[in-house]
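Student: Take this structure, written in C-alpha cells, and hold onto it; I'll ask about it next.
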Amino acid sequence: MFCREHVAQLRDHKAEIDRRDVAVAAVGTGDLMYARDFAEDKRVNFPLYVDDAKASYKAVGTRKGSARSFAKPRVIASAARVTAKGHIQGKLGPAHMVLGATHVIRPDGSVAFAWVNGDFDDNADFAEALRSLD
Amino acid sequence: MRMPRVQPAPDLAERLAPLEVTALDGSAVPLGTLWDQRPLLLVHLRHFG
C-alpha cells in the first residue's frame, strides 16, 4: 500500500516534475504481467520497469524490511492513513520485504539526492528530492 | 525521526548505468540511458503491490 501511495503521488505530480525538465522512472520487482497490471490499475503515467534480478536494488543498497515492523505503532498508523486514502494493499510480490529507494541522478552522473528506505512506510518526499536540483 | 537520506557511493551512477531493466513492452533498457539527457528521479519500489 505504501508503494501505491508513492506511485500515486508521482503520477499526480507528473506535470510539475515535467515542468522542471526532470525525467521520472520507477523500478519494481516481479514479472512483467504483474507490473503491467499494476501500471494499469494505478494509471501510471511515467515509465515503469522491472528488475526481477534486483541488480539495481543491490547497487543502490536497498535494505530488507522486518516482519516485526508491521507491529510498530508508527507503521500501523501509517498503514491506516494510507488505507484511508484508498491505497489498499494489493497482491504481495515475491520480493515484498525488499525496501525501496529514491535517487536523483544528473546527466553528468552526479547524484543530487539519495534516499534508501529504512522501513516500509518511509518513502522519500519527492518534492524534497526535486529541490536537491535547485 | 525520518532520516534515510544517505550519502551515495561516488561511483553509484557508474555502477547503475550498465544495468538493464525491462520495460513493460519487454525491451531491455540500460538504466544509464534514463538520465543521459536530463536529470532523473529514479524510484525503486518495494514491489508492485
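In the C-alpha cells, chains take letters A, B, ... by order of appearance, with residues numbered from 1 within each chain and ligands from 1 in the order shown.
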Within 7 Å of chain B, which residues of chain A show up? Give each one with its shortest atom-to-atom distance in Å (one decimal) and the two atoms involved, counting only C-alpha atoms, rows by chain then rising residue number, as JSON lines.
Tutor:
{"residue": "A:Met1", "atom": "CA", "partner": "B:Gly49", "partner_atom": "CA", "distance": 6.6}
{"residue": "A:Cys3", "atom": "CA", "partner": "B:Leu45", "partner_atom": "CA", "distance": 6.1}
{"residue": "A:Arg4", "atom": "CA", "partner": "B:Gly49", "partner_atom": "CA", "distance": 6.9}
{"residue": "A:Asp21", "atom": "CA", "partner": "B:Arg38", "partner_atom": "CA", "distance": 6.8}
{"residue": "A:Val22", "atom": "CA", "partner": "B:Pro39", "partner_atom": "CA", "distance": 5.1}
{"residue": "A:Ala23", "atom": "CA", "partner": "B:Leu40", "partner_atom": "CA", "distance": 4.6}
{"residue": "A:Val24", "atom": "CA", "partner": "B:Leu41", "partner_atom": "CA", "distance": 4.6}
{"residue": "A:Ala25", "atom": "CA", "partner": "B:Leu42", "partner_atom": "CA", "distance": 5.2}
{"residue": "A:Ala26", "atom": "CA", "partner": "B:Val43", "partner_atom": "CA", "distance": 4.6}
{"residue": "A:Val27", "atom": "CA", "partner": "B:His44", "partner_atom": "CA", "distance": 4.8}
{"residue": "A:Gly28", "atom": "CA", "partner": "B:Leu45", "partner_atom": "CA", "distance": 5.1}
{"residue": "A:Thr29", "atom": "CA", "partner": "B:His47", "partner_atom": "CA", "distance": 5.6}
{"residue": "A:Leu32", "atom": "CA", "partner": "B:Leu24", "partner_atom": "CA", "distance": 6.3}
{"residue": "A:Ala35", "atom": "CA", "partner": "B:Phe48", "partner_atom": "CA", "distance": 6.2}
{"residue": "A:Arg36", "atom": "CA", "partner": "B:Leu24", "partner_atom": "CA", "distance": 6.3}
{"residue": "A:Phe38", "atom": "CA", "partner": "B:Phe48", "partner_atom": "CA", "distance": 5.9}
{"residue": "A:Leu48", "atom": "CA", "partner": "B:Ala23", "partner_atom": "CA", "distance": 6.5}
{"residue": "A:Tyr49", "atom": "CA", "partner": "B:Ala23", "partner_atom": "CA", "distance": 4.7}
{"residue": "A:Val50", "atom": "CA", "partner": "B:Thr22", "partner_atom": "CA", "distance": 5.0}
{"residue": "A:Asp51", "atom": "CA", "partner": "B:Val21", "partner_atom": "CA", "distance": 5.1}
{"residue": "A:Ser56", "atom": "CA", "partner": "B:Leu16", "partner_atom": "CA", "distance": 6.3}
{"residue": "A:Ala59", "atom": "CA", "partner": "B:Leu16", "partner_atom": "CA", "distance": 6.5}
{"residue": "A:Gln89", "atom": "CA", "partner": "B:Gly49", "partner_atom": "CA", "distance": 6.3}
{"residue": "A:Gly90", "atom": "CA", "partner": "B:Gly49", "partner_atom": "CA", "distance": 4.4}
{"residue": "A:Lys91", "atom": "CA", "partner": "B:Gly49", "partner_atom": "CA", "distance": 5.1}
{"residue": "A:Leu92", "atom": "CA", "partner": "B:Gly49", "partner_atom": "CA", "distance": 5.3}
{"residue": "A:Gly93", "atom": "CA", "partner": "B:His47", "partner_atom": "CA", "distance": 5.7}
{"residue": "A:Ala95", "atom": "CA", "partner": "B:His47", "partner_atom": "CA", "distance": 6.8}
{"residue": "A:His96", "atom": "CA", "partner": "B:His47", "partner_atom": "CA", "distance": 5.5}
{"residue": "A:Val98", "atom": "CA", "partner": "B:Arg46", "partner_atom": "CA", "distance": 5.6}
{"residue": "A:Leu99", "atom": "CA", "partner": "B:Arg46", "partner_atom": "CA", "distance": 4.8}
{"residue": "A:Gly100", "atom": "CA", "partner": "B:Arg46", "partner_atom": "CA", "distance": 4.7}
{"residue": "A:Ala101", "atom": "CA", "partner": "B:His44", "partner_atom": "CA", "distance": 4.9}
{"residue": "A:Thr102", "atom": "CA", "partner": "B:Val43", "partner_atom": "CA", "distance": 4.5}
{"residue": "A:His103", "atom": "CA", "partner": "B:Leu42", "partner_atom": "CA", "distance": 5.1}
{"residue": "A:Val104", "atom": "CA", "partner": "B:Leu41", "partner_atom": "CA", "distance": 4.6}
{"residue": "A:Ile105", "atom": "CA", "partner": "B:Leu40", "partner_atom": "CA", "distance": 5.3}
{"residue": "A:Arg106", "atom": "CA", "partner": "B:Pro39", "partner_atom": "CA", "distance": 4.3}
{"residue": "A:Pro107", "atom": "CA", "partner": "B:Asp36", "partner_atom": "CA", "distance": 4.7}
{"residue": "A:Gly109", "atom": "CA", "partner": "B:Ala13", "partner_atom": "CA", "distance": 5.3}
{"residue": "A:Ser110", "atom": "CA", "partner": "B:Ala13", "partner_atom": "CA", "distance": 7.0}
{"residue": "A:Ala114", "atom": "CA", "partner": "B:Val6", "partner_atom": "CA", "distance": 5.5}
{"residue": "A:Trp115", "atom": "CA", "partner": "B:Arg5", "partner_atom": "CA", "distance": 4.2}
{"residue": "A:Val116", "atom": "CA", "partner": "B:Pro4", "partner_atom": "CA", "distance": 5.5}
{"residue": "A:Asn117", "atom": "CA", "partner": "B:Pro4", "partner_atom": "CA", "distance": 5.7}
{"residue": "A:Gly118", "atom": "CA", "partner": "B:Pro4", "partner_atom": "CA", "distance": 5.8}
Student: Just the strand (DSSP E) stuff from chain A, please, per backbone DSSP, written as an MDAnalysis selection string.
Tutor: chainID A and resid 23:28 48:50 101:105 111:116
Student: If you run DSSP on this backbone, which residues of chain A come out as helix (DSSP H, G or I), and could you give them as a PyMOL selection string?
Tutor: chain A and resi 2-12+14-19+32-41+55-60+67-71+73-84+126-131
Student: Hey, can you spit out that residue selection with C-alpha atoms as a PDB file, in the first residue's frame?
Tutor:
ATOM      1  CA  PHE A   2       2.913   2.384   0.659  1.00  0.00           C
ATOM      2  CA  CYS A   3       4.152   1.733  -2.868  1.00  0.00           C
ATOM      3  CA  ARG A   4       0.687   2.509  -4.200  1.00  0.00           C
ATOM      4  CA  GLU A   5       0.574   5.810  -2.363  1.00  0.00           C
ATOM      5  CA  HIS A   6       4.084   6.702  -3.547  1.00  0.00           C
ATOM      6  CA  VAL A   7       3.260   5.906  -7.172  1.00  0.00           C
ATOM      7  CA  ALA A   8       0.005   7.858  -6.945  1.00  0.00           C
ATOM      8  CA  GLN A   9       1.901  10.907  -5.649  1.00  0.00           C
ATOM      9  CA  LEU A  10       4.351  10.710  -8.530  1.00  0.00           C
ATOM     10  CA  ARG A  11       1.523  10.238 -11.026  1.00  0.00           C
ATOM     11  CA  ASP A  12      -0.457  13.174  -9.660  1.00  0.00           C
ATOM     12  CA  LYS A  14       3.959  14.322 -13.089  1.00  0.00           C
ATOM     13  CA  ALA A  15       3.155  17.669 -14.741  1.00  0.00           C
ATOM     14  CA  GLU A  16       5.098  19.517 -12.035  1.00  0.00           C
ATOM     15  CA  ILE A  17       8.048  17.143 -12.496  1.00  0.00           C
ATOM     16  CA  ASP A  18       7.897  17.685 -16.271  1.00  0.00           C
ATOM     17  CA  ARG A  19       7.926  21.459 -15.808  1.00  0.00           C
ATOM     18  CA  LEU A  32       6.049  -8.306 -16.425  1.00  0.00           C
ATOM     19  CA  MET A  33       2.406  -9.310 -16.139  1.00  0.00           C
ATOM     20  CA  TYR A  34       2.390  -8.226 -12.519  1.00  0.00           C
ATOM     21  CA  ALA A  35       3.986  -4.895 -13.476  1.00  0.00           C
ATOM     22  CA  ARG A  36       1.570  -4.309 -16.357  1.00  0.00           C
ATOM     23  CA  ASP A  37      -1.426  -4.972 -14.114  1.00  0.00           C
ATOM     24  CA  PHE A  38      -0.032  -2.546 -11.538  1.00  0.00           C
ATOM     25  CA  ALA A  39       0.582   0.151 -14.175  1.00  0.00           C
ATOM     26  CA  GLU A  40      -2.945  -0.190 -15.497  1.00  0.00           C
ATOM     27  CA  ASP A  41      -4.585  -0.316 -12.083  1.00  0.00           C
ATOM     28  CA  ALA A  55      20.709  -5.943  -9.545  1.00  0.00           C
ATOM     29  CA  SER A  56      19.884  -2.238  -9.365  1.00  0.00           C
ATOM     30  CA  TYR A  57      18.467  -2.697  -5.865  1.00  0.00           C
ATOM     31  CA  LYS A  58      21.769  -4.190  -4.780  1.00  0.00           C
ATOM     32  CA  ALA A  59      23.655  -1.337  -6.451  1.00  0.00           C
ATOM     33  CA  VAL A  60      21.750   1.356  -4.561  1.00  0.00           C
ATOM     34  CA  ALA A  67       8.147  -8.682   9.755  1.00  0.00           C
ATOM     35  CA  ARG A  68       8.416  -7.101  13.198  1.00  0.00           C
ATOM     36  CA  SER A  69       7.993  -3.697  11.556  1.00  0.00           C
ATOM     37  CA  PHE A  70       4.354  -4.480  10.857  1.00  0.00           C
ATOM     38  CA  ALA A  71       3.765  -4.337  14.616  1.00  0.00           C
ATOM     39  CA  PRO A  73       2.852   1.715  16.112  1.00  0.00           C
ATOM     40  CA  ARG A  74       4.245   4.173  13.560  1.00  0.00           C
ATOM     41  CA  VAL A  75       3.935   1.682  10.706  1.00  0.00           C
ATOM     42  CA  ILE A  76       0.432   0.693  11.823  1.00  0.00           C
ATOM     43  CA  ALA A  77      -0.585   4.362  11.939  1.00  0.00           C
ATOM     44  CA  SER A  78       0.954   4.978   8.517  1.00  0.00           C
ATOM     45  CA  ALA A  79      -0.872   1.966   7.109  1.00  0.00           C
ATOM     46  CA  ALA A  80      -4.169   3.259   8.488  1.00  0.00           C
ATOM     47  CA  ARG A  81      -3.520   6.714   6.988  1.00  0.00           C
ATOM     48  CA  VAL A  82      -2.646   5.302   3.570  1.00  0.00           C
ATOM     49  CA  THR A  83      -5.575   2.863   3.585  1.00  0.00           C
ATOM     50  CA  ALA A  84      -7.952   5.702   4.453  1.00  0.00           C
ATOM     51  CA  PHE A 126       9.654  13.566  -3.998  1.00  0.00           C
ATOM     52  CA  ALA A 127       9.386  17.356  -3.583  1.00  0.00           C
ATOM     53  CA  GLU A 128      12.454  17.297  -1.351  1.00  0.00           C
ATOM     54  CA  ALA A 129      14.177  15.098  -3.920  1.00  0.00           C
ATOM     55  CA  LEU A 130      13.462  17.635  -6.665  1.00  0.00           C
ATOM     56  CA  ARG A 131      14.673  20.524  -4.510  1.00  0.00           C
TER      57      ARG A 131
END
Student: Could you tell me how far atom CA of A:Asp125 lies from atom CA of A:Lys72, in Å and to one decimal?
Tutor: 21.1 Å
Student: Please indicate the distance in Å from atom CA of A:Asn45 to atom CA of A:Phe113, rounded to one decimal place.
Tutor: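 Interatomic distance, atom CA of A:Asn45 to atom CA of A:Phe113: 22.4 Å.
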Student: Do you have the atom CA of B:Pro30-atom CA of A:Val44 distance handy?
Tutor: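 Those two atoms sit 20.7 Å apart.
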